[in-house]
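Enquirer: Handing over my_file_4.cif, mmCIF, C-alpha atoms.
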data_structure
#
loop_
_atom_site.label_atom_id
_atom_site.label_comp_id
_atom_site.auth_asym_id
_atom_site.auth_seq_id
_atom_site.Cartn_x
_atom_site.Cartn_y
_atom_site.Cartn_z
CA MET A 1 7.08 36.05 2.24
CA ASN A 2 10.45 35.25 3.78
CA ASN A 3 11.65 34.48 7.32
CA LYS A 4 8.11 34.46 8.70
CA LYS A 5 6.48 32.22 11.28
CA ILE A 6 3.53 30.51 9.59
CA LEU A 7 0.77 28.15 10.79
CA ILE A 8 -1.06 26.04 8.20
CA VAL A 9 -4.49 24.92 9.48
CA THR A 10 -5.61 21.97 7.39
CA HIS A 11 -7.71 19.04 8.56
CA GLN A 12 -6.16 16.95 5.78
CA PHE A 13 -2.43 16.57 5.32
CA LEU A 14 0.02 13.80 4.54
CA PRO A 15 -0.05 10.81 4.67
CA HIS A 16 -3.59 11.39 3.36
CA VAL A 17 -3.37 12.04 -0.39
CA SER A 18 -5.81 14.41 -2.07
CA PRO A 19 -5.57 17.39 -4.42
CA ARG A 20 -5.46 19.74 -1.43
CA THR A 21 -2.74 17.85 0.49
CA THR A 22 -0.63 17.61 -2.67
CA ARG A 23 -1.10 21.34 -3.31
CA TRP A 24 -0.10 22.34 0.19
CA LYS A 25 2.88 20.03 0.43
CA ILE A 26 4.30 21.82 -2.62
CA ILE A 27 3.51 25.28 -1.17
CA ILE A 28 4.90 24.40 2.27
CA ASP A 29 8.14 23.07 0.74
CA ASP A 30 8.51 26.35 -1.15
CA LEU A 31 7.78 28.43 1.95
CA ILE A 32 10.40 26.49 3.93
CA GLU A 33 12.97 26.97 1.13
CA ARG A 34 12.35 30.73 1.45
CA GLY A 35 13.44 30.63 5.08
CA ASN A 36 10.01 30.55 6.71
CA GLN A 37 9.27 28.56 9.86
CA VAL A 38 6.19 26.53 8.97
CA THR A 39 4.01 24.51 11.35
CA ILE A 40 1.15 22.30 10.09
CA LEU A 41 -1.86 21.95 12.37
CA THR A 42 -3.79 18.90 11.18
CA GLY A 43 -6.34 16.27 12.08
CA THR A 44 -4.59 13.62 9.97
CA PRO A 45 -2.54 11.16 12.08
CA PRO A 46 1.14 11.65 11.13
CA ASP A 47 3.55 8.94 10.02
CA ASP A 48 7.14 8.79 8.77
CA SER A 49 6.21 10.63 5.55
CA VAL A 50 5.93 13.88 7.55
CA LYS A 51 8.89 13.37 9.91
CA ASN A 52 10.71 16.34 8.35
CA TYR A 53 7.78 18.72 8.96
CA ASP A 54 6.79 20.53 12.13
CA ILE A 55 3.42 18.85 12.81
CA LEU A 56 0.84 19.78 15.44
CA TYR A 57 -1.62 16.90 15.48
CA PHE A 58 -4.89 17.09 17.38
CA GLY A 59 -7.30 14.25 16.80
CA ASN A 60 -8.18 10.68 17.67
CA LYS A 61 -5.73 8.27 16.04
CA LYS A 62 -7.80 5.23 16.93
CA ILE A 63 -11.01 6.53 15.34
CA SER A 64 -9.13 7.87 12.29
CA SER A 65 -7.29 4.60 11.70
CA THR A 66 -10.52 2.58 12.11
CA ILE A 67 -12.37 4.73 9.56
CA SER A 68 -9.42 4.57 7.14
CA SER A 69 -9.24 0.80 7.52
CA ILE A 70 -12.97 0.40 6.82
CA ARG A 71 -12.72 2.67 3.76
CA LYS A 72 -9.75 0.67 2.44
CA ASP A 73 -11.51 -2.66 2.97
CA ALA A 74 -14.70 -1.34 1.40
CA ASN A 75 -12.81 -0.43 -1.77
CA ASN A 76 -11.35 -3.94 -2.14
CA ASN A 77 -14.49 -5.32 -3.74
CA ALA A 78 -12.65 -8.03 -5.62
CA GLN A 79 -11.18 -9.47 -2.43
CA ASN A 80 -14.33 -9.21 -0.30
CA THR A 81 -17.17 -11.69 -0.05
CA ALA A 82 -20.67 -10.58 -1.05
CA ILE A 83 -21.63 -10.35 2.62
CA LYS A 84 -18.60 -8.18 3.42
CA ASN A 85 -19.36 -5.88 0.51
CA PHE A 86 -22.95 -5.55 1.67
CA VAL A 87 -21.84 -4.71 5.23
CA TYR A 88 -19.21 -2.21 4.10
CA ASN A 89 -21.57 -0.50 1.66
CA SER A 90 -24.26 -0.31 4.33
CA LEU A 91 -21.83 1.23 6.83
CA LYS A 92 -20.65 3.72 4.20
CA LYS A 93 -24.23 4.77 3.37
CA LEU A 94 -25.11 5.10 7.06
CA TYR A 95 -21.98 7.15 7.74
CA ARG A 96 -22.72 9.49 4.84
CA PHE A 97 -26.39 9.83 5.75
CA LEU A 98 -25.63 10.79 9.34
CA PHE A 99 -22.90 13.28 8.48
CA LYS A 100 -24.62 14.76 5.43
CA THR A 101 -27.83 15.19 7.42
CA PHE A 102 -26.66 16.49 10.79
CA SER A 103 -23.01 17.61 10.71
CA TRP A 104 -21.99 21.25 10.43
CA PRO A 105 -20.06 22.58 8.68
CA ASP A 106 -19.10 19.14 7.32
CA TYR A 107 -17.84 15.67 8.25
CA ALA A 108 -14.81 17.12 10.11
CA MET A 109 -16.94 19.02 12.66
CA PHE A 110 -15.52 17.22 15.70
CA TRP A 111 -12.03 18.45 14.83
CA ALA A 112 -13.24 22.01 15.49
CA PHE A 113 -14.17 21.02 19.05
CA THR A 114 -10.74 19.46 19.51
CA ILE A 115 -8.99 22.62 18.27
CA TYR A 116 -11.13 24.86 20.49
CA LYS A 117 -10.40 22.67 23.53
CA ASN A 118 -6.65 22.72 22.83
CA LYS A 119 -6.21 26.25 21.50
CA LYS A 120 -4.20 27.33 24.57
CA LYS A 121 -1.60 24.72 23.64
CA ILE A 122 -1.06 26.39 20.26
CA PRO A 123 1.48 29.26 20.13
CA LYS A 124 0.14 32.78 19.54
CA ASN A 125 3.05 34.47 17.81
CA TYR A 126 2.55 33.53 14.15
CA ASP A 127 2.94 36.10 11.41
CA TYR A 128 0.41 34.31 9.18
CA ILE A 129 -2.23 31.64 9.56
CA PHE A 130 -3.40 29.85 6.41
CA SER A 131 -6.59 27.81 6.61
CA VAL A 132 -7.19 25.29 3.83
CA SER A 133 -10.42 23.79 2.50
CA LEU A 134 -11.68 21.20 1.79
CA PRO A 135 -13.08 20.61 4.38
CA PHE A 136 -14.58 23.95 5.40
CA THR A 137 -14.03 23.00 9.05
CA SER A 138 -10.42 24.12 8.53
CA HIS A 139 -11.68 27.70 8.10
CA LEU A 140 -13.81 27.38 11.24
CA CYS A 141 -10.61 26.40 13.06
CA GLY A 142 -8.75 29.25 11.36
CA SER A 143 -11.32 31.64 12.78
CA ILE A 144 -10.95 30.11 16.26
CA LEU A 145 -7.18 30.67 16.06
CA SER A 146 -7.18 33.97 14.15
CA LYS A 147 -5.95 35.91 17.20
CA HIS A 148 -2.86 33.68 17.24
CA SER A 149 -1.39 35.62 14.27
CA SER A 150 -1.16 39.02 12.65
CA ASP A 151 -2.92 37.95 9.44
CA TRP A 152 -5.31 35.12 8.55
CA ILE A 153 -5.41 33.93 4.92
CA MET A 154 -8.06 31.52 3.56
CA ASP A 155 -7.34 29.12 0.68
CA ILE A 156 -10.64 28.06 -0.91
CA GLY A 157 -10.95 24.71 -2.67
CA ASP A 158 -14.50 24.05 -3.79
CA PRO A 159 -17.36 26.44 -2.96
CA PHE A 160 -19.09 25.91 0.38
CA SER A 161 -22.48 27.62 0.74
CA LEU A 162 -22.64 28.28 -3.02
CA LYS A 163 -22.13 24.66 -4.00
CA LYS A 164 -25.27 23.56 -5.83
CA ASP A 165 -24.58 19.86 -6.42
CA SER A 166 -23.13 17.45 -3.85
CA PRO A 167 -23.25 19.98 -0.95
CA GLU A 168 -21.03 19.52 2.10
CA ASN A 169 -23.97 19.43 4.53
CA ASN A 170 -27.77 19.55 4.75
CA LYS A 171 -28.62 22.76 2.91
CA PHE A 172 -32.24 22.52 4.03
CA LEU A 173 -31.14 22.82 7.67
CA TYR A 174 -28.01 24.92 7.28
CA SER A 175 -28.41 27.14 4.22
CA PHE A 176 -28.60 30.38 6.22
CA ILE A 177 -25.89 29.48 8.70
CA ASN A 178 -23.60 28.36 5.86
CA SER A 179 -23.83 31.76 4.13
CA TYR A 180 -23.68 33.70 7.40
CA PHE A 181 -20.43 32.16 8.62
CA GLU A 182 -18.78 32.05 5.20
CA LYS A 183 -19.47 35.79 4.82
CA LYS A 184 -18.26 36.42 8.37
CA TYR A 185 -14.98 34.61 7.76
CA TYR A 186 -14.38 36.40 4.46
CA THR A 187 -14.88 39.72 6.22
CA LYS A 188 -12.62 38.73 9.10
CA CYS A 189 -9.63 37.35 7.19
CA LYS A 190 -6.85 39.33 5.51
CA ARG A 191 -6.76 37.63 2.10
CA ILE A 192 -8.73 34.95 0.21
CA ILE A 193 -7.16 32.65 -2.39
CA PHE A 194 -9.39 31.18 -5.12
CA THR A 195 -8.31 28.57 -7.65
CA HIS A 196 -9.35 30.56 -10.73
CA TYR A 197 -10.99 33.77 -11.89
CA GLU A 198 -14.48 32.34 -12.38
CA SER A 199 -14.60 31.08 -8.79
CA LEU A 200 -13.26 34.40 -7.48
CA LEU A 201 -15.89 36.38 -9.40
CA PHE A 202 -18.67 33.99 -8.33
CA HIS A 203 -17.88 34.55 -4.65
CA GLN A 204 -17.10 38.25 -5.00
CA GLU A 205 -20.48 39.04 -6.53
CA TYR A 206 -22.50 36.91 -4.10
CA PHE A 207 -20.78 38.02 -0.89
CA ASN A 208 -19.89 41.55 -2.05
CA LEU A 209 -16.22 40.98 -1.24
CA ASP A 210 -13.52 43.65 -1.26
CA PRO A 211 -11.55 43.00 -4.49
CA LYS A 212 -8.29 43.96 -2.72
CA LYS A 213 -8.66 40.85 -0.57
CA LEU A 214 -8.95 38.44 -3.45
CA ILE A 215 -6.10 36.45 -5.02
CA ILE A 216 -5.98 33.81 -7.74
CA GLY A 217 -3.92 30.77 -6.83
CA HIS A 218 -4.41 28.19 -9.58
CA PRO A 219 -4.13 24.45 -9.01
CA ILE A 220 -0.43 23.61 -9.00
CA SER A 221 2.00 20.84 -9.74
CA LYS A 222 5.76 20.49 -9.51
CA ILE A 223 7.82 20.24 -12.67
CA ASP A 224 10.09 17.18 -12.80
CA LEU A 225 12.44 17.24 -15.80
CA ASN A 226 13.11 13.50 -15.53
CA LYS A 227 9.40 12.76 -15.86
CA ILE A 228 9.08 15.10 -18.83
CA SER A 229 12.06 13.39 -20.48
CA SER A 230 10.42 9.97 -19.97
CA SER A 231 7.20 11.30 -21.51
CA GLU A 232 9.10 12.56 -24.56
CA LYS A 233 10.74 9.13 -25.06
CA TYR A 234 7.43 7.25 -25.04
CA ASN A 235 6.61 5.49 -28.31
CA TYR A 236 3.46 7.30 -29.40
CA SER A 237 3.29 5.24 -32.62
CA ASP A 238 2.35 2.05 -30.77
CA VAL A 239 -1.21 0.81 -31.19
CA PRO A 240 -3.74 0.68 -29.77
CA VAL A 241 -3.69 4.22 -28.43
CA ASN A 242 -3.98 3.96 -24.66
CA ILE A 243 -6.05 6.71 -23.03
CA GLY A 244 -5.92 6.91 -19.24
CA TYR A 245 -8.34 8.52 -16.81
CA PHE A 246 -7.35 8.73 -13.13
CA GLY A 247 -9.91 9.98 -10.62
CA ILE A 248 -13.54 9.86 -9.61
CA PHE A 249 -16.84 11.12 -10.95
CA THR A 250 -19.40 13.09 -8.95
CA GLU A 251 -23.05 13.23 -9.93
CA GLY A 252 -24.10 16.62 -11.24
CA ILE A 253 -20.54 17.94 -11.22
CA ARG A 254 -18.27 15.67 -13.26
CA GLU A 255 -19.68 12.77 -15.26
CA PRO A 256 -18.34 10.78 -18.26
CA THR A 257 -21.68 10.33 -20.03
CA ASN A 258 -21.26 12.93 -22.78
CA TYR A 259 -17.70 11.82 -23.47
CA LEU A 260 -18.81 8.21 -23.78
CA ASN A 261 -21.73 9.11 -26.06
CA SER A 262 -19.59 11.18 -28.41
CA ILE A 263 -15.88 10.35 -28.48
CA CYS A 264 -16.36 6.67 -27.57
CA LYS A 265 -19.33 5.95 -29.81
CA ASP A 266 -17.13 4.91 -32.75
CA SER A 267 -16.26 1.25 -32.11
CA GLU A 268 -13.90 1.23 -35.10
CA ILE A 269 -11.50 3.73 -33.57
CA ASP A 270 -8.24 2.19 -32.35
CA PHE A 271 -8.37 3.64 -28.83
CA HIS A 272 -8.24 1.69 -25.59
CA HIS A 273 -9.44 3.42 -22.44
CA TYR A 274 -8.12 2.63 -18.99
CA TRP A 275 -10.35 3.94 -16.22
CA TYR A 276 -8.70 4.16 -12.78
CA ILE A 277 -11.78 5.03 -10.75
CA ASN A 278 -13.57 4.17 -7.53
CA ASN A 279 -16.41 1.67 -7.31
CA GLU A 280 -19.12 4.34 -7.16
CA SER A 281 -17.95 5.81 -10.47
CA LYS A 282 -18.48 2.51 -12.27
CA LYS A 283 -22.23 3.11 -12.31
CA TYR A 284 -21.69 5.30 -15.39
CA PHE A 285 -20.13 2.42 -17.33
CA ILE A 286 -22.69 -0.36 -17.01
CA SER A 287 -22.90 -0.88 -20.77
CA TYR A 288 -19.10 -0.72 -21.14
CA LEU A 289 -17.98 -3.17 -18.42
CA ASN A 290 -17.57 -6.02 -20.91
CA ASN A 291 -16.33 -3.84 -23.75
CA LYS A 292 -12.86 -4.88 -24.94
CA GLN A 293 -11.94 -1.25 -25.61
CA HIS A 294 -12.41 -0.29 -21.96
CA THR A 295 -10.49 -1.62 -18.96
CA PHE A 296 -11.57 -0.74 -15.43
CA LYS A 297 -9.12 -0.54 -12.54
CA ASN A 298 -9.32 0.56 -8.92
CA LEU A 299 -7.72 3.82 -7.83
CA VAL A 300 -4.00 3.42 -7.19
CA PRO A 301 -1.53 5.39 -5.02
CA ARG A 302 -0.38 8.65 -6.57
CA THR A 303 3.21 7.53 -7.26
CA GLU A 304 1.96 4.41 -9.03
CA ALA A 305 -0.59 6.47 -10.97
CA ILE A 306 2.11 8.87 -12.22
CA ASP A 307 4.27 5.94 -13.33
CA LEU A 308 1.32 4.53 -15.29
CA MET A 309 0.58 7.92 -16.84
CA ILE A 310 4.13 8.34 -18.10
CA ASN A 311 5.02 4.81 -19.14
CA LYS A 312 1.74 3.15 -20.15
CA MET A 313 -0.49 5.84 -21.64
CA HIS A 314 -0.40 7.66 -24.96
CA ILE A 315 -2.97 10.24 -23.82
CA LEU A 316 -4.18 11.43 -20.41
CA LEU A 317 -7.87 12.24 -20.22
CA SER A 318 -9.48 14.95 -18.14
CA ILE A 319 -13.24 15.48 -18.04
CA GLY A 320 -14.36 18.98 -17.13
CA ASN A 321 -16.96 20.04 -14.60
CA LYS A 322 -20.49 21.12 -15.46
CA ASN A 323 -19.93 24.50 -13.82
CA THR A 324 -17.33 27.26 -14.08
CA TYR A 325 -16.58 27.63 -10.36
CA GLN A 326 -14.79 24.28 -9.92
CA LEU A 327 -11.55 23.58 -11.78
CA PRO A 328 -10.24 19.98 -11.86
CA SER A 329 -6.69 19.97 -10.48
CA LYS A 330 -5.84 16.67 -12.17
CA VAL A 331 -5.57 18.28 -15.61
CA ILE A 332 -2.80 20.56 -14.31
CA GLU A 333 -0.79 17.60 -13.07
CA TYR A 334 -1.31 15.89 -16.43
CA ILE A 335 0.07 18.93 -18.28
CA SER A 336 3.13 19.09 -16.01
CA LEU A 337 4.21 15.59 -17.12
CA GLY A 338 4.57 16.68 -20.75
CA LYS A 339 2.18 13.96 -21.96
CA PRO A 340 -0.60 14.58 -24.52
CA VAL A 341 -3.63 15.78 -22.54
CA LEU A 342 -7.24 15.75 -23.73
CA HIS A 343 -9.62 17.86 -21.66
CA PHE A 344 -13.27 17.19 -22.45
CA ALA A 345 -15.23 20.42 -21.94
CA GLU A 346 -18.81 19.92 -20.80
CA ILE A 347 -19.64 23.62 -21.09
CA SER A 348 -18.76 26.26 -23.66
CA ASN A 349 -17.13 28.53 -21.05
CA ASP A 350 -14.99 25.86 -19.39
CA PRO A 351 -12.20 27.73 -17.49
CA MET A 352 -9.50 25.60 -19.17
CA TYR A 353 -10.12 27.22 -22.57
CA LYS A 354 -8.07 30.25 -21.56
CA PHE A 355 -4.99 28.05 -21.02
CA GLU A 356 -5.15 25.98 -24.21
CA ASN A 357 -2.90 28.31 -26.19
CA LEU A 358 -0.23 28.25 -23.47
CA PHE A 359 0.49 24.52 -23.80
CA ASN A 360 0.80 22.57 -27.03
CA ASN A 361 0.45 19.28 -25.15
CA LEU A 362 -3.13 20.27 -24.18
CA LYS A 363 -6.11 19.90 -26.49
CA ILE A 364 -9.62 20.79 -25.40
CA ILE A 365 -12.32 18.66 -26.99
CA ASN A 366 -16.10 18.48 -26.75
CA SER A 367 -19.02 16.47 -28.07
CA ASN A 368 -18.41 17.80 -31.59
CA THR A 369 -14.77 16.73 -31.78
CA GLN A 370 -13.99 14.17 -34.49
CA LYS A 371 -11.61 11.24 -34.11
CA GLU A 372 -9.44 12.74 -36.86
CA ASP A 373 -8.82 15.78 -34.64
CA ILE A 374 -7.52 13.56 -31.84
CA GLN A 375 -5.36 11.52 -34.22
CA LYS A 376 -3.86 14.71 -35.66
CA PHE A 377 -3.08 15.93 -32.13
CA LEU A 378 -1.31 12.65 -31.37
CA GLN A 379 0.69 12.82 -34.61
CA SER A 380 2.59 15.87 -33.35
CA PHE A 381 3.92 13.71 -30.50
CA GLN A 382 4.79 10.90 -32.91
CA LEU A 383 6.84 13.44 -34.87
CA GLN A 384 8.41 14.70 -31.60
CA THR A 385 7.51 18.32 -32.35
CA VAL A 386 5.87 19.03 -28.98
CA LYS A 387 7.71 20.51 -26.01
CA LEU A 388 6.08 21.57 -22.74
CA ASN A 389 6.44 25.32 -22.20
CA ILE A 390 7.91 25.18 -18.70
CA ASP A 391 8.01 28.97 -18.27
CA ASN A 392 4.27 29.24 -18.99
CA PHE A 393 3.63 26.45 -16.53
CA GLU A 394 5.72 28.01 -13.75
CA ASN A 395 4.06 31.38 -14.31
CA ASN A 396 0.57 29.94 -13.92
CA PHE A 397 0.57 26.65 -12.02
CA SER A 398 3.41 26.70 -9.50
CA SER A 399 3.75 27.46 -5.79
CA LYS A 400 6.04 30.32 -6.81
CA SER A 401 3.20 32.01 -8.71
CA ILE A 402 0.85 31.73 -5.69
CA ILE A 403 3.41 33.04 -3.19
CA GLU A 404 4.43 35.92 -5.44
CA ASN A 405 0.79 36.89 -6.08
CA LEU A 406 0.21 36.80 -2.34
CA ASN A 407 3.32 38.87 -1.60
CA SER A 408 2.25 41.47 -4.14
CA SER A 409 -1.25 41.66 -2.66
CA LEU A 410 -0.08 41.90 0.96
CA HIS A 411 2.35 44.71 0.16
CA ASP A 412 -0.31 46.59 -1.80
CA LYS A 413 -2.23 47.83 1.24
#
Give the structure from the file, written as structure tokens.
Expert:
Amino acid sequence: MNNKKILIVTHQFLPHVSPRTTRWKIIIDDLIERGNQVTILTGTPPDDSVKNYDILYFGNKKISSTISSIRKDANNNAQNTAIKNFVYNSLKKLYRFLFKTFSWPDYAMFWAFTIYKNKKKIPKNYDYIFSVSLPFTSHLCGSILSKHSSDWIMDIGDPFSLKKDSPENNKFLYSFINSYFEKKYYTKCKRIIFTHYESLLFHQEYFNLDPKKLIIGHPISKIDLNKISSSEKYNYSDVPVNIGYFGIFTEGIREPTNYLNSICKDSEIDFHHYWYINNESKKYFISYLNNKQHTFKNLVPRTEAIDLMINKMHILLSIGNKNTYQLPSKVIEYISLGKPVLHFAEISNDPMYKFENLFNNLKIINSNTQKEDIQKFLQSFQLQTVKLNIDNFENNFSSKSIIENLNSSLHDK
């Protein structure tokens, strides 16, 4: 895929930071380096962080900035009065109730109207259109604009109509329409990218998809040799052993309960956990809030989080999902830093098991893992015998691997 004109349709892009915006910044940078002309159509108000990209923004900056400001204030619990916290939490619950109950396909529904209204302002001579979820509204917009290019390619984050827990909309109202349009879009597009084999197979069997259309594009991260070098220089012999978790928990999908009841049950173990989580995730830690072996912090910006991971933590913790069709992208970023990574598998067929032998800085644990196993894993870093296999990483979790898989598929017609 070289010297092509490409439109990326993604409701979320920088400066908003999420696994999907991080993924697509890396892919877009790679596409541009290959000589492609890339335009990003987004509903995220641009700022100076995207001044070097060709951005087509359609949306309401005032509404977006107001919502972002309320979200930011709502997360500053420590700085808010009790009344403010009550108001912000009430507004958040009302917002979620209204959108979860009535919106279709999801909270970004109004962006689809904006794109439809302005579609004549968008050029029609693209070689490829990529639509990116989450949210699924991006694929609705990709369908609206599909005649603006030769080929439409869908990049699927989490499942949409097949999502059992924490659905994107009211499944009681929209279950049929969800499946109908998802099937329609899969039939209409040229190629479909899934994050891993289990997700691909899950969708292929349910929607009876043509296997020639389907591509695996794993979660990705960008290798930085300076960061790896800093990770290798960390003093892993210091005590206590600092274990860091960075992210959120979602009920029914990713929860820390089994990890806490197994790995953390031994109060004698010299581990100190740092949980960088949102306020909603703290409900799982009620009995640990005053525990000296656990420190709770708010979520921090990505650059600050990476600095903490490299320079303050012995081990980075990932907790797996309770299903096989969602793969946490955070564990891939952890691995790319060269730090020791513990991935707690909730299920026996966790998709990460197939990658464990590729990286000696990754250890998959479960409820039966003993503290001695973790200490032995850490000892290899104390002895400086562990090196990240960069070739294995690039072959599996890079933008290069996605683009080359896509090129191979598109030329195999």
Enquirer: Which residue, A:Lys100, A:Lys371, A:Lys312, A:His272, has the smallest gap to Ser231 of chain A when you use only C-alpha atoms?
Expert: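 Looking only at the distances to Ser231 of chain A, the closest residue turns out to be A:Lys312.
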Enquirer: Can you turn the PyMOL selection byres ((chain A and resi 171-182) around 9) into a concrete residue list for this file, as number ranges by chain?
Expert: A: 101-102, 104-105, 139-140, 160-162, 167-170, 183-187, 207
Enquirer: Which residues, named as in the file, does the PyMOL selection byres ((chain A and resi 36) around 9) pick out? Answer as a ChimeraX atom specification.
Expert: /A:1-6,31-35,37-38
Enquirer: What box, with edges along x, y and z, holds each listed atom of segment 349-359 of chain A when 6 Å is added on every side, and can you state its centre and edge lengths in Å to one decimal, as AutoDock Vina command-line options?
Expert:
--center_x -8.3 --center_y 27.4 --center_z -21.8 --size_x 29.6 --size_y 17.7 --size_z 20.7
Enquirer: So what does the PyMOL selection byres ((chain A and resi 303-310) around 12) actually pick up in this one, as a VMD selection string?
Expert: chain A and resid 17 22 224 226 to 236 242 to 247 274 to 277 297 to 302 311 to 317 330 333 to 341
Enquirer: Using all atoms listed in the file, determine which residues lie at most 7 Å from Ala345 of chain A, disregarding the query and same-chain residues fewer than 6 positions distant; provide the list as a VMD selection string.
Expert: chain A and resid 319 to 320 364 to 366
Enquirer: So that I can see what lies close to Tyr284 of chain A, please list as a list in words the residues with an atom at most 9 Å from it, counting all atoms listed in the file and leaving out residues fewer than 5 positions away in the same chain.
Expert: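 The contact residues come out as Phe249, Glu255, Pro256 and Thr257 of chain A.
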Enquirer: For atom CA of His411 of chain A and atom CA of Tyr128 of chain A, determine how far apart the two atoms are, in Å to one decimal place.
Expert: 13.9 Å
